[in-house]
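Visitor: One structure, pasted below without further comment.
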Amino acid sequence: MRQTAGPVPDGGGLPGLTELPETVTIGVSISVPDPYGTEIQDARAAHGDPRARSIPTHVTLLPPTGVPTALLPEIEAHLVEVAAAHRPFPMLLRGSGTFRPVSPVVFVRVEGGAQECRALEAAVRSGPLARELAFPYHPHVTVAHDLAEEVLDEAYEKARGFSAEFTVPGFGLSRFGPDEVWRPWRGYAFGG
């Protein structure tokens, strides 16, 4: 049965702008819906990843990026435009992959929907969110990060049999809090 990626609530603007510091750290991503999101987060916690419960399960479109709070209205308008220009698409997560030895990350592969993720990532990472990346963009869902080699090996083996299929209705903007937890801030539903 095909699920739909987490709720994409569309609201008018970003809440709480007046209470923010001068700069905030944001990220843009596609949520992985339950039960898959919780399953991956539970696996990440079981591997001993200390960040497992502070990062909702997702496919990154814009990695953690520090921005001046004054720029948020322009970023908001940009994300609304990006969402309006894209359509819902099917996503298939299946099997495991790794960025080792370059980076100590094990992930679930985006097997279906990768092309749409690349187009969406390029659109998001433009305009007021234009920035260089440390590595070429590769859509994925992290299951273990920065852990001992034997733990990464185990995570890779366990994720090999993972499979999830769902429809992506949009993406979300999240904010990194002072408690080092990522929280959804606003959702953007695709046009059409």
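Chain labels A, B, ... are given in the sequence in which chains occur in the structure tokens; within each chain residues are numbered consecutively from 1, and ligands are likewise numbered from 1 in the order shown.
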DSSP on the backbone: which residues in chain A end up as alpha helix (DSSP H)? Give the answer as a ChimeraX atom specification.
Guide: /A:36-46,72-84,114-124,149-159
Visitor: Give me, as a list in words, all polymer residues having an atom no more than 10 Å from A:His145, counting only C-alpha atoms and skipping those fewer than 4 positions away in the same chain.
Guide: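 Listed by chain and then number, they are Arg44, His47, Gly48, Asp49, Pro50, Arg51, Ala52, Thr98, Phe99, Ser103, Pro104, Val105, Val106, Phe107, Val151, Leu152 and Ala155 of chain A.
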Visitor: Quick one: residues within 7 Å of stretch 114-122 of chain A, only C-alpha atoms counted, chain neighbours fewer than 4 positions away excluded, as an MDAnalysis selection string?
Guide: chainID A and resid 61:62 110 126 139
Visitor: Per residue of stretch 57-133 of chain A within 9 Å of stretch 162-167 of chain A, record the nearest atom pair and its distance in Å to one decimal, counting only C-alpha atoms, with rows in chain order and ascending residue number, as a tab-separated table.
Guide:
```
residue	atom	partner	partner_atom	distance
A:Pro88	CA	A:Thr167	CA	6.7
A:Phe89	CA	A:Thr167	CA	5.6
A:Pro90	CA	A:Thr167	CA	4.4
A:Met91	CA	A:Phe166	CA	5.5
A:Leu92	CA	A:Glu165	CA	4.5
A:Leu93	CA	A:Ala164	CA	5.1
A:Arg94	CA	A:Ser163	CA	4.3
A:Gly95	CA	A:Phe162	CA	5.5
A:Ser96	CA	A:Phe162	CA	7.7
A:Val108	CA	A:Phe162	CA	7.4
A:Gly112	CA	A:Glu165	CA	8.5
```
Visitor: Output all heavy atoms for every residue in that selection, as a JSON list (two decimals), in the first residue's frame.
Guide:
```
[["chain", "number", "residue", "atom", "x", "y", "z"],
["A", 88, "PRO", "N", 3.41, 16.49, -7.13],
["A", 88, "PRO", "CA", 3.64, 15.30, -6.31],
["A", 88, "PRO", "C", 4.27, 14.19, -7.16],
["A", 88, "PRO", "O", 4.03, 14.10, -8.36],
["A", 88, "PRO", "CB", 2.22, 14.91, -5.86],
["A", 88, "PRO", "CG", 1.47, 16.20, -5.88],
["A", 88, "PRO", "CD", 2.03, 16.96, -7.08],
["A", 89, "PHE", "N", 5.09, 13.36, -6.50],
["A", 89, "PHE", "CA", 5.75, 12.27, -7.22],
["A", 89, "PHE", "C", 5.91, 11.05, -6.31],
["A", 89, "PHE", "O", 5.95, 11.18, -5.09],
["A", 89, "PHE", "CB", 7.11, 12.71, -7.78],
["A", 89, "PHE", "CG", 8.12, 13.15, -6.75],
["A", 89, "PHE", "CD1", 9.03, 12.24, -6.21],
["A", 89, "PHE", "CD2", 8.17, 14.48, -6.34],
["A", 89, "PHE", "CE1", 9.98, 12.65, -5.28],
["A", 89, "PHE", "CE2", 9.12, 14.90, -5.41],
["A", 89, "PHE", "CZ", 10.01, 13.98, -4.87],
["A", 90, "PRO", "N", 6.00, 9.86, -6.93],
["A", 90, "PRO", "CA", 6.20, 8.64, -6.13],
["A", 90, "PRO", "C", 7.66, 8.51, -5.71],
["A", 90, "PRO", "O", 8.56, 8.88, -6.46],
["A", 90, "PRO", "CB", 5.80, 7.52, -7.08],
["A", 90, "PRO", "CG", 6.01, 8.08, -8.45],
["A", 90, "PRO", "CD", 5.80, 9.56, -8.34],
["A", 91, "MET", "N", 7.87, 8.00, -4.50],
["A", 91, "MET", "CA", 9.22, 7.75, -4.01],
["A", 91, "MET", "C", 9.31, 6.30, -3.57],
["A", 91, "MET", "O", 8.40, 5.76, -2.94],
["A", 91, "MET", "CB", 9.58, 8.66, -2.84],
["A", 91, "MET", "CG", 11.00, 8.43, -2.32],
["A", 91, "MET", "SD", 11.54, 9.69, -1.14],
["A", 91, "MET", "CE", 11.95, 11.02, -2.26],
["A", 92, "LEU", "N", 10.41, 5.68, -3.94],
["A", 92, "LEU", "CA", 10.72, 4.31, -3.51],
["A", 92, "LEU", "C", 12.05, 4.33, -2.80],
["A", 92, "LEU", "O", 13.06, 4.73, -3.38],
["A", 92, "LEU", "CB", 10.77, 3.36, -4.71],
["A", 92, "LEU", "CG", 11.24, 1.94, -4.42],
["A", 92, "LEU", "CD1", 10.27, 1.22, -3.47],
["A", 92, "LEU", "CD2", 11.38, 1.15, -5.72],
["A", 93, "LEU", "N", 12.04, 3.95, -1.52],
["A", 93, "LEU", "CA", 13.26, 3.78, -0.75],
["A", 93, "LEU", "C", 13.53, 2.29, -0.69],
["A", 93, "LEU", "O", 12.64, 1.52, -0.31],
["A", 93, "LEU", "CB", 13.09, 4.33, 0.67],
["A", 93, "LEU", "CG", 12.64, 5.78, 0.80],
["A", 93, "LEU", "CD1", 12.46, 6.14, 2.28],
["A", 93, "LEU", "CD2", 13.62, 6.72, 0.14],
["A", 94, "ARG", "N", 14.75, 1.88, -1.08],
["A", 94, "ARG", "CA", 15.03, 0.44, -1.04],
["A", 94, "ARG", "C", 16.53, 0.18, -0.97],
["A", 94, "ARG", "O", 17.31, 0.75, -1.73],
["A", 94, "ARG", "CB", 14.46, -0.25, -2.26],
["A", 94, "ARG", "CG", 14.68, -1.76, -2.19],
["A", 94, "ARG", "CD", 13.83, -2.57, -3.11],
["A", 94, "ARG", "NE", 13.83, -2.08, -4.48],
["A", 94, "ARG", "CZ", 12.85, -2.33, -5.33],
["A", 94, "ARG", "NH1", 11.81, -3.02, -4.97],
["A", 94, "ARG", "NH2", 12.92, -1.87, -6.56],
["A", 95, "GLY", "N", 16.89, -0.69, -0.04],
["A", 95, "GLY", "CA", 18.28, -1.13, 0.07],
["A", 95, "GLY", "C", 19.16, -0.13, 0.77],
["A", 95, "GLY", "O", 18.73, 0.94, 1.17],
["A", 96, "SER", "N", 20.41, -0.51, 0.92],
["A", 96, "SER", "CA", 21.36, 0.33, 1.66],
["A", 96, "SER", "C", 22.48, 0.83, 0.77],
["A", 96, "SER", "O", 22.77, 0.26, -0.27],
["A", 96, "SER", "CB", 21.94, -0.45, 2.85],
["A", 96, "SER", "OG", 22.56, -1.63, 2.41],
["A", 108, "VAL", "N", 19.63, 4.56, 3.50],
["A", 108, "VAL", "CA", 18.70, 3.85, 2.64],
["A", 108, "VAL", "C", 18.68, 4.61, 1.32],
["A", 108, "VAL", "O", 18.62, 5.85, 1.30],
["A", 108, "VAL", "CB", 17.29, 3.80, 3.27],
["A", 108, "VAL", "CG1", 16.28, 3.25, 2.27],
["A", 108, "VAL", "CG2", 17.30, 2.95, 4.53],
["A", 112, "GLY", "N", 13.47, 5.24, -6.35],
["A", 112, "GLY", "CA", 12.47, 5.88, -7.21],
["A", 112, "GLY", "C", 12.23, 7.28, -6.69],
["A", 112, "GLY", "O", 12.06, 7.47, -5.50]]
```
Visitor: Quick check, in Å to one decimal: how far apart do atom CA of A:Val124 and atom CA of A:Val32 lie?
Guide: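 We find that atom CA of A:Val124 and atom CA of A:Val32 lie 18.3 Å from each other.
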Visitor: Looking at A:Ala84, A:Arg125, A:Pro33, A:Asp146, which one is nearest to A:Val168, with distances taken over only C-alpha atoms?
Guide: A:Pro33
Visitor: Looking only at strand (DSSP E or B) from DSSP on the backbone, list the matching residues of chain A as an MDAnalysis selection string.
Guide: chainID A and resid 3:4 23:31 58:68 89:98 105:112 140:145 163:168 170:176 182:189
Visitor: Pull C-alpha atoms from the residues just selected and write them as an mmCIF file, in the first residue's frame.
Guide:
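The file below, out00.cif, is the result:
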```
data_model
loop_
_atom_site.group_PDB
_atom_site.id
_atom_site.type_symbol
_atom_site.label_atom_id
_atom_site.label_comp_id
_atom_site.auth_asym_id
_atom_site.auth_seq_id
_atom_site.Cartn_x
_atom_site.Cartn_y
_atom_site.Cartn_z
ATOM 1 C CA GLN A 3 1.556 5.989 1.806
ATOM 2 C CA THR A 4 1.801 9.741 1.492
ATOM 3 C CA THR A 23 20.600 34.268 12.561
ATOM 4 C CA VAL A 24 18.909 30.873 12.458
ATOM 5 C CA THR A 25 19.913 27.485 11.093
ATOM 6 C CA ILE A 26 17.392 26.032 8.678
ATOM 7 C CA GLY A 27 17.071 22.960 6.499
ATOM 8 C CA VAL A 28 14.654 21.911 3.763
ATOM 9 C CA SER A 29 13.635 18.293 3.347
ATOM 10 C CA ILE A 30 11.081 15.701 2.329
ATOM 11 C CA SER A 31 9.594 13.898 5.328
ATOM 12 C CA HIS A 58 13.926 12.775 5.855
ATOM 13 C CA VAL A 59 15.514 13.229 2.443
ATOM 14 C CA THR A 60 17.561 16.446 2.530
ATOM 15 C CA LEU A 61 16.956 19.134 -0.082
ATOM 16 C CA LEU A 62 18.950 21.879 1.667
ATOM 17 C CA PRO A 63 21.493 20.871 4.331
ATOM 18 C CA PRO A 64 21.816 22.856 7.566
ATOM 19 C CA THR A 65 22.258 26.466 6.492
ATOM 20 C CA GLY A 66 22.708 29.532 8.674
ATOM 21 C CA VAL A 67 20.687 32.500 7.438
ATOM 22 C CA PRO A 68 20.035 36.024 8.732
ATOM 23 C CA PHE A 89 5.750 12.266 -7.221
ATOM 24 C CA PRO A 90 6.203 8.645 -6.126
ATOM 25 C CA MET A 91 9.215 7.751 -4.012
ATOM 26 C CA LEU A 92 10.715 4.312 -3.511
ATOM 27 C CA LEU A 93 13.262 3.779 -0.750
ATOM 28 C CA ARG A 94 15.034 0.442 -1.045
ATOM 29 C CA GLY A 95 18.276 -1.135 0.070
ATOM 30 C CA SER A 96 21.356 0.329 1.662
ATOM 31 C CA GLY A 97 24.268 2.459 0.578
ATOM 32 C CA THR A 98 27.210 4.248 2.149
ATOM 33 C CA VAL A 105 27.365 7.554 6.692
ATOM 34 C CA VAL A 106 25.121 4.569 5.958
ATOM 35 C CA PHE A 107 21.801 5.271 4.278
ATOM 36 C CA VAL A 108 18.698 3.848 2.638
ATOM 37 C CA ARG A 109 18.811 4.481 -1.105
ATOM 38 C CA VAL A 110 16.276 6.619 -2.949
ATOM 39 C CA GLU A 111 15.604 4.233 -5.804
ATOM 40 C CA GLY A 112 12.475 5.876 -7.206
ATOM 41 C CA HIS A 140 19.274 9.424 0.586
ATOM 42 C CA VAL A 141 17.860 8.688 4.056
ATOM 43 C CA THR A 142 20.509 8.421 6.782
ATOM 44 C CA VAL A 143 20.355 5.366 9.087
ATOM 45 C CA ALA A 144 23.762 5.694 10.796
ATOM 46 C CA HIS A 145 26.240 8.563 10.953
ATOM 47 C CA SER A 163 11.732 -1.001 1.308
ATOM 48 C CA ALA A 164 9.130 1.780 1.403
ATOM 49 C CA GLU A 165 6.929 3.324 -1.240
ATOM 50 C CA PHE A 166 4.958 6.545 -0.811
ATOM 51 C CA THR A 167 3.830 9.702 -2.586
ATOM 52 C CA VAL A 168 5.660 12.968 -1.922
ATOM 53 C CA GLY A 170 5.582 18.603 -0.914
ATOM 54 C CA PHE A 171 8.506 19.486 1.318
ATOM 55 C CA GLY A 172 9.127 21.185 4.631
ATOM 56 C CA LEU A 173 11.276 23.868 6.197
ATOM 57 C CA SER A 174 12.785 22.964 9.575
ATOM 58 C CA ARG A 175 14.669 24.974 12.159
ATOM 59 C CA PHE A 176 17.541 23.820 14.370
ATOM 60 C CA TRP A 182 15.380 19.818 14.369
ATOM 61 C CA ARG A 183 11.713 20.836 14.340
ATOM 62 C CA PRO A 184 9.352 21.292 11.385
ATOM 63 C CA TRP A 185 8.530 24.961 10.869
ATOM 64 C CA ARG A 186 6.370 25.112 7.761
ATOM 65 C CA GLY A 187 5.239 22.774 4.995
ATOM 66 C CA TYR A 188 4.979 23.592 1.295
ATOM 67 C CA ALA A 189 2.520 21.575 -0.799
#
```
Visitor: What is the atom CA of A:Gly37 to atom CA of A:Thr57 distance in Å?
Guide: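 Pair atom CA of A:Gly37 / atom CA of A:Thr57 returns 5.2 Å.
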Visitor: When you draw a straight line from atom CA of A:Pro169 to atom CA of A:Gln41, how long is it in Å?
Guide: 21.1 Å
